[in-house]
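S.K.: I am sharing run-v5.cif, which consists of mmCIF, C-alpha atoms and all ligand atoms:
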```
data_upload
#
loop_
_atom_site.label_atom_id
_atom_site.label_comp_id
_atom_site.auth_asym_id
_atom_site.auth_seq_id
_atom_site.Cartn_x
_atom_site.Cartn_y
_atom_site.Cartn_z
CA MET A 1017 0.00 0.00 0.00
CA ASP A 1018 1.55 3.30 -1.05
CA ILE A 1019 0.64 6.20 1.18
CA PRO A 1020 -0.39 9.21 -0.94
CA GLU A 1021 1.64 12.37 -0.29
CA ASP A 1022 -1.47 14.41 0.52
CA GLN A 1023 -2.98 11.92 2.99
CA PRO A 1024 -3.51 13.64 6.35
CA LEU A 1025 -1.22 12.53 9.13
CA ALA A 1026 -2.58 11.19 12.39
CA LEU A 1027 0.81 11.08 14.08
CA ARG A 1028 4.22 12.47 13.30
CA ALA A 1029 7.46 12.02 15.18
CA ARG A 1030 10.78 13.72 14.50
CA GLY A 1031 14.08 12.89 16.15
CA LEU A 1032 12.24 11.00 18.88
CA THR A 1033 14.73 9.75 21.47
CA LYS A 1034 14.40 8.14 24.88
CA ALA A 1035 17.13 6.54 26.97
CA TYR A 1036 16.97 4.72 30.30
CA GLY A 1037 19.70 4.34 32.91
CA ARG A 1038 23.12 5.92 33.19
CA GLY A 1039 26.73 5.11 32.38
CA ALA A 1040 27.37 1.52 31.40
CA ALA A 1041 23.70 0.66 32.10
CA ARG A 1042 22.40 3.31 29.65
CA VAL A 1043 20.00 1.93 27.04
CA VAL A 1044 18.75 4.08 24.17
CA ALA A 1045 15.29 2.53 23.83
CA VAL A 1046 14.14 4.88 21.05
CA ASP A 1047 16.91 6.40 18.96
CA HIS A 1048 16.19 9.44 16.74
CA VAL A 1049 13.01 8.04 15.22
CA ASP A 1050 11.21 9.88 12.41
CA LEU A 1051 7.75 8.53 11.76
CA ASP A 1052 4.66 9.53 9.77
CA VAL A 1053 1.45 7.66 10.55
CA PRO A 1054 -1.31 8.48 8.06
CA SER A 1055 -4.98 8.71 8.98
CA GLY A 1056 -7.16 5.73 8.18
CA VAL A 1057 -4.38 3.15 8.33
CA LEU A 1058 -3.78 0.23 10.67
CA THR A 1059 -0.04 0.15 11.38
CA ALA A 1060 1.67 -2.75 13.13
CA VAL A 1061 5.02 -2.40 14.90
CA MET A 1062 7.12 -5.55 15.08
CA GLY A 1063 10.63 -6.30 16.18
CA PRO A 1064 12.75 -8.26 18.62
CA SER A 1065 12.08 -8.17 22.35
CA GLY A 1066 13.72 -5.12 23.90
CA SER A 1067 13.92 -3.23 20.59
CA GLY A 1068 11.93 -0.30 21.99
CA LYS A 1069 8.39 -0.89 20.67
CA THR A 1070 6.58 -0.27 23.97
CA THR A 1071 8.67 2.82 24.65
CA LEU A 1072 7.84 4.11 21.16
CA VAL A 1073 4.05 3.77 21.54
CA HIS A 1074 4.18 5.29 25.04
CA LEU A 1075 6.00 8.32 23.60
CA LEU A 1076 3.53 8.59 20.71
CA ALA A 1077 0.63 8.53 23.19
CA GLY A 1078 2.22 11.15 25.43
CA LEU A 1079 2.30 8.64 28.29
CA ASP A 1080 6.01 9.25 28.58
CA ARG A 1081 8.15 12.31 27.74
CA PRO A 1082 11.05 11.94 25.27
CA ASP A 1083 14.59 13.09 26.04
CA ALA A 1084 14.67 14.72 22.61
CA GLY A 1085 12.48 15.11 19.57
CA ASP A 1086 8.83 15.89 19.03
CA VAL A 1087 5.47 14.19 18.52
CA TRP A 1088 2.47 15.71 16.75
CA VAL A 1089 -0.98 14.23 17.29
CA GLY A 1090 -3.23 15.52 14.52
CA GLY A 1091 -1.60 18.91 14.00
CA GLU A 1092 -0.78 19.43 17.67
CA ARG A 1093 2.74 19.19 19.04
CA ILE A 1094 2.12 17.23 22.22
CA THR A 1095 5.75 17.38 23.29
CA ALA A 1096 5.34 21.14 23.75
CA MET A 1097 2.25 20.76 25.93
CA ARG A 1098 1.89 21.12 29.65
CA ASP A 1099 0.52 18.10 31.51
CA ARG A 1100 -3.04 19.40 31.63
CA GLU A 1101 -3.29 20.03 27.89
CA LEU A 1102 -1.60 16.71 27.20
CA ALA A 1103 -4.19 14.96 29.37
CA ARG A 1104 -6.94 16.54 27.23
CA VAL A 1105 -5.41 15.20 24.00
CA ARG A 1106 -4.83 11.77 25.56
CA GLY A 1107 -8.37 11.63 26.88
CA ARG A 1108 -10.23 12.81 23.81
CA ILE A 1109 -8.11 11.98 20.77
CA VAL A 1110 -6.05 8.94 21.74
CA GLY A 1111 -7.21 5.56 23.02
CA PHE A 1112 -4.61 3.30 24.57
CA VAL A 1113 -4.56 -0.46 25.18
CA PHE A 1114 -1.79 -1.27 27.65
CA GLN A 1115 0.20 -4.50 27.76
CA GLY A 1116 -0.89 -5.15 31.39
CA PHE A 1117 -4.46 -3.86 30.72
CA ASN A 1118 -4.30 -1.25 33.56
CA LEU A 1119 -7.88 -1.93 34.63
CA LEU A 1120 -8.94 -0.62 38.04
CA GLN A 1121 -9.50 -3.62 40.29
CA THR A 1122 -12.10 -1.89 42.48
CA MET A 1123 -14.36 -1.16 39.50
CA THR A 1124 -16.57 -3.43 37.44
CA ALA A 1125 -15.86 -3.97 33.74
CA ARG A 1126 -18.68 -1.54 32.87
CA GLU A 1127 -17.25 1.15 35.17
CA ASN A 1128 -13.75 0.60 33.77
CA ILE A 1129 -15.02 0.93 30.20
CA LEU A 1130 -16.97 4.12 30.95
CA LEU A 1131 -14.20 5.76 32.98
CA PRO A 1132 -12.60 7.68 30.05
CA LEU A 1133 -16.00 9.29 29.34
CA ARG A 1134 -16.34 10.38 32.97
CA LEU A 1135 -12.77 11.64 33.22
CA ASN A 1136 -13.10 13.67 30.04
CA ALA A 1137 -16.66 14.89 30.53
CA LEU A 1138 -17.79 13.16 27.34
CA PRO A 1139 -21.40 12.06 26.80
CA HIS A 1140 -22.37 8.46 27.37
CA ASP A 1141 -23.71 6.68 24.28
CA GLU A 1142 -25.43 3.45 25.35
CA ASP A 1143 -25.75 2.23 21.73
CA TRP A 1144 -22.00 2.53 21.20
CA LEU A 1145 -21.32 0.73 24.48
CA ASP A 1146 -23.73 -2.03 23.37
CA SER A 1147 -22.05 -2.44 20.00
CA LEU A 1148 -18.57 -2.63 21.57
CA VAL A 1149 -19.80 -5.14 24.14
CA THR A 1150 -21.33 -7.27 21.36
CA MET A 1151 -18.27 -7.01 19.11
CA LEU A 1152 -15.99 -7.99 21.99
CA GLY A 1153 -18.32 -10.63 23.47
CA ILE A 1154 -18.15 -9.30 27.04
CA GLY A 1155 -21.87 -9.01 27.85
CA ARG A 1156 -21.62 -11.47 30.73
CA GLU A 1157 -18.53 -9.82 32.21
CA LEU A 1158 -19.88 -6.29 32.53
CA GLU A 1159 -20.68 -6.45 36.25
CA ARG A 1160 -17.52 -8.40 37.16
CA ARG A 1161 -14.34 -6.92 38.54
CA PRO A 1162 -11.05 -7.53 36.72
CA TYR A 1163 -9.82 -10.13 39.25
CA GLU A 1164 -12.94 -12.18 38.47
CA MET A 1165 -12.06 -12.35 34.76
CA SER A 1166 -9.59 -14.30 32.63
CA GLY A 1167 -6.68 -12.52 30.94
CA GLY A 1168 -8.50 -12.64 27.60
CA GLN A 1169 -11.67 -11.17 29.11
CA GLN A 1170 -9.67 -8.38 30.75
CA GLN A 1171 -7.99 -7.68 27.44
CA ARG A 1172 -11.38 -7.28 25.71
CA VAL A 1173 -12.54 -4.92 28.46
CA ALA A 1174 -9.34 -2.90 28.00
CA ILE A 1175 -10.03 -2.69 24.26
CA ALA A 1176 -13.60 -1.50 24.91
CA ARG A 1177 -12.24 1.15 27.30
CA ALA A 1178 -9.82 2.36 24.60
CA LEU A 1179 -12.57 2.57 21.96
CA ILE A 1180 -15.42 4.02 24.07
CA THR A 1181 -14.44 7.64 23.33
CA ARG A 1182 -14.30 6.87 19.56
CA PRO A 1183 -10.69 8.10 19.52
CA ARG A 1184 -9.17 9.25 16.22
CA ILE A 1185 -6.00 7.39 17.14
CA VAL A 1186 -5.68 4.05 18.92
CA LEU A 1187 -2.30 2.99 20.28
CA ALA A 1188 -2.16 -0.59 21.43
CA ASP A 1189 0.56 -2.73 22.98
CA GLU A 1190 -0.05 -6.41 22.14
CA PRO A 1191 -3.85 -5.90 22.02
CA THR A 1192 -4.53 -9.51 21.08
CA GLY A 1193 -1.70 -11.16 23.03
CA ASN A 1194 -4.10 -12.96 25.41
CA LEU A 1195 -6.82 -13.85 22.91
CA ASP A 1196 -7.49 -17.02 20.94
CA THR A 1197 -7.23 -16.96 17.15
CA HIS A 1198 -10.94 -16.46 16.58
CA ALA A 1199 -11.31 -13.54 19.02
CA SER A 1200 -8.10 -11.93 17.70
CA ALA A 1201 -9.33 -12.16 14.12
CA GLU A 1202 -12.65 -10.55 15.02
CA ILE A 1203 -11.07 -7.64 16.90
CA LEU A 1204 -8.39 -7.03 14.28
CA ALA A 1205 -11.00 -7.07 11.51
CA HIS A 1206 -13.01 -4.50 13.49
CA LEU A 1207 -9.96 -2.25 13.95
CA ARG A 1208 -9.08 -2.51 10.28
CA GLN A 1209 -12.65 -1.70 9.29
CA SER A 1210 -12.82 1.37 11.53
CA CYS A 1211 -9.58 2.59 9.99
CA ARG A 1212 -10.94 2.16 6.47
CA GLU A 1213 -14.46 3.42 7.07
CA LEU A 1214 -14.09 5.97 9.86
CA GLY A 1215 -10.57 7.23 9.13
CA GLN A 1216 -9.38 5.99 12.51
CA SER A 1217 -5.66 5.30 12.87
CA VAL A 1218 -4.36 2.36 14.84
CA VAL A 1219 -0.76 1.71 15.76
CA MET A 1220 -0.35 -1.67 17.44
CA VAL A 1221 2.67 -3.48 18.73
CA THR A 1222 2.48 -7.20 18.07
CA HIS A 1223 4.69 -10.27 18.03
CA ASP A 1224 2.19 -12.19 15.90
CA PRO A 1225 2.76 -12.15 12.11
CA THR A 1226 -0.89 -13.11 11.51
CA ALA A 1227 -2.08 -10.16 13.61
CA ALA A 1228 0.36 -7.92 11.73
CA SER A 1229 -1.06 -9.12 8.41
CA TYR A 1230 -4.29 -7.19 9.19
CA ALA A 1231 -2.28 -3.99 8.99
CA GLY A 1232 -1.86 -1.78 5.95
CA ARG A 1233 1.75 -1.29 6.91
CA VAL A 1234 4.16 -3.07 9.25
CA LEU A 1235 7.04 -1.10 10.74
CA LEU A 1236 10.05 -3.24 11.57
CA PHE A 1237 11.75 -1.93 14.66
CA ALA A 1238 15.26 -2.87 15.79
CA ASP A 1239 17.66 -1.29 18.29
CA GLY A 1240 15.38 1.68 18.85
CA LYS A 1241 15.13 2.51 15.16
CA VAL A 1242 12.75 1.91 12.26
CA ALA A 1243 14.71 -0.69 10.31
CA GLY A 1244 12.24 -1.15 7.45
CA HIS A 1245 8.63 -1.65 6.62
CA VAL A 1246 6.34 -4.08 4.82
CA THR A 1247 3.32 -2.74 2.97
CA ASP A 1248 0.15 -4.79 2.40
CA PRO A 1249 1.72 -7.53 4.52
CA THR A 1250 1.01 -11.24 4.43
CA PRO A 1251 2.15 -13.36 7.40
CA ASP A 1252 4.94 -14.77 5.17
CA ALA A 1253 6.12 -11.33 4.09
CA VAL A 1254 6.19 -10.23 7.73
CA LEU A 1255 8.23 -13.29 8.73
CA ALA A 1256 10.63 -12.68 5.84
CA GLY A 1257 11.03 -9.06 7.01
CA LEU A 1258 11.75 -10.17 10.58
CA ASP A 1259 14.21 -12.80 9.37
CA ALA A 1260 16.00 -10.20 7.26
CA LEU A 1261 16.24 -8.00 10.38
CA ALA A 1262 17.80 -10.85 12.31
CA GLY A 1263 20.12 -11.70 9.41
CA VAL A 1264 18.50 -15.11 8.90
CA GLU A 1265 18.68 -16.54 5.39
CA ARG A 1266 15.54 -18.13 3.99
N1 LIG B 1301 11.53 1.86 32.82
C1 LIG B 1301 12.64 1.38 32.28
N2 LIG B 1301 13.83 1.49 32.94
C2 LIG B 1301 14.98 1.02 32.41
N3 LIG B 1301 15.06 0.43 31.19
C3 LIG B 1301 13.93 0.29 30.50
C4 LIG B 1301 12.67 0.74 31.01
N4 LIG B 1301 11.71 0.48 30.08
C5 LIG B 1301 12.35 -0.13 29.06
N5 LIG B 1301 13.67 -0.25 29.30
C6 LIG B 1301 14.68 -0.82 28.41
O1 LIG B 1301 14.54 -0.19 27.12
C7 LIG B 1301 14.65 -1.14 26.06
C8 LIG B 1301 13.37 -1.15 25.23
O2 LIG B 1301 12.29 -1.66 26.01
P1 LIG B 1301 10.82 -1.80 25.44
O3 LIG B 1301 9.96 -2.33 26.52
O4 LIG B 1301 10.42 -0.50 24.82
O5 LIG B 1301 11.04 -2.90 24.29
P2 LIG B 1301 9.98 -3.79 23.50
O6 LIG B 1301 10.47 -3.85 22.09
O7 LIG B 1301 8.61 -3.27 23.73
O8 LIG B 1301 10.16 -5.20 24.20
P3 LIG B 1301 9.13 -6.45 24.34
O9 LIG B 1301 8.86 -6.89 22.93
O10 LIG B 1301 9.93 -7.45 25.12
O11 LIG B 1301 7.91 -5.94 25.07
C9 LIG B 1301 14.95 -2.47 26.73
O12 LIG B 1301 16.35 -2.66 26.71
C10 LIG B 1301 14.46 -2.30 28.15
O13 LIG B 1301 15.17 -3.09 29.05
#
```
Here is the file; what I need is its structure written in the form of structure tokens.

M.R.:
Amino acid sequence: MDIPEDQPLALRARGLTKAYGRGAARVVAVDHVDLDVPSGVLTAVMGPSGSGKTTLVHLLAGLDRPDAGDVWVGGERITAMRDRELARVRGRIVGFVFQGFNLLQTMTARENILLPLRLNALPHDEDWLDSLVTMLGIGRELERRPYEMSGGQQQRVAIARALITRPRIVLADEPTGNLDTHASAEILAHLRQSCRELGQSVVMVTHDPTAASYAGRVLLFADGKVAGHVTDPTPDAVLAGLDALAGVER
């Protein structure tokens, strides 16, 4: 898939850099990354463990501040924002699915899902909640608390919470990591469809080449840098890209 020059950008990063630790223990997790994420495209980020994928999506979401470089969400430079303004963008424009779900244990699934609406003073749309609950198959879990649910059920609740505000941009860290093949396929098809039909943009980190094959573009990430990309990916093309990264001959 070629991205037309005039396609609006959902996310842009320039010179994005983040390091952890000091001295000999210093790790540059994200190393001068330039990135353009167009609107209406599902983008997958793949790469070896420890290559910086989680750090990258946290920086793109404004969950973490870079050491250097800038991020624009829509046209807004979030790296120049104060915490309060950043919270507004995060709450209204970006939905985030965390690797560990980050559900509040004292709240039911329904309360967890609706929390972003409450926190951002957004109206509650019962029809949209119903359609998310149906799409994710969590009708019977709604009154349960996270500790009463399986990992896969918690993951679906976390996805519903990310989508409840109808965010223009969804950033997701292994959103289908705890789901079976059938549930993954359904959720990925939904995300792809909302990119195509509603102009939503999704950036998801995944280790699964089949999950990545739902994307319009796969970014290959290695050593904190974008090392290549695969457009219109098939699982085989993704695997070949990852093998090439690792220097494996096929
Ligand atoms: N809070 C932190 N403190 C210190 N080092 C960190 C921290 N978070 C990440 N790192 C280091 O930064 C590098 C990138 O980590 P990151 O979690 O972004 O990689 P990843 O590609 O998402 O890995 P995985 O696929 O295993 O989830 C790793 O070397 C990691 O050890």

S.K.: Output the neighbourhood of ligand LIG 1301 (chain B) as a ChimeraX atom specification, that is, all protein and nucleic acid residues with some atom at most 12 Å from the ligand, counting only C-alpha atoms and all ligand atoms.

M.R.: /A:1033-1038,1041-1047,1061-1075,1080,1114-1116,1188-1190,1193,1220-1224,1236-1242

S.K.: For A:Val1110, work out the shell of residues within 9 Å, counting all atoms listed in the file and skipping chain neighbours fewer than 2 positions away, then give it as a ChimeraX atom specification.

M.R.: /A:1077,1089,1105-1108,1112,1178,1181-1187

S.K.: Which one is closest to A:Leu1179: A:Gly1111, A:Gly1257, A:Pro1249, A:Gly1263? Count only C-alpha atoms.

M.R.: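 Checking each of A:Gly1111, A:Gly1257, A:Pro1249, A:Gly1263 against A:Leu1179, counting only C-alpha atoms, the winner is A:Gly1111.
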
S.K.: What's the 12 Å shell around A:Gly1090, counting all atoms listed in the file, without same-chain residues fewer than 2 positions away, as a list in words?

M.R.: Pro1024, Leu1025, Ala1026, Leu1027, Arg1028, Ala1029, Asp1052, Val1053, Pro1054, Ser1055, Leu1076, Ala1077, Val1087, Trp1088, Glu1092, Arg1093, Ile1094, Val1105, Arg1106, Arg1108, Ile1109, Val1110, Pro1183, Arg1184, Ile1185, Gln1216 and Ser1217 of chain A

S.K.: One number please: atom CA of A:Gly1085 to atom CA of A:Asp1050, in Å, one decimal.

M.R.: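 Rounded to one decimal, the two atoms are 9.0 Å apart.
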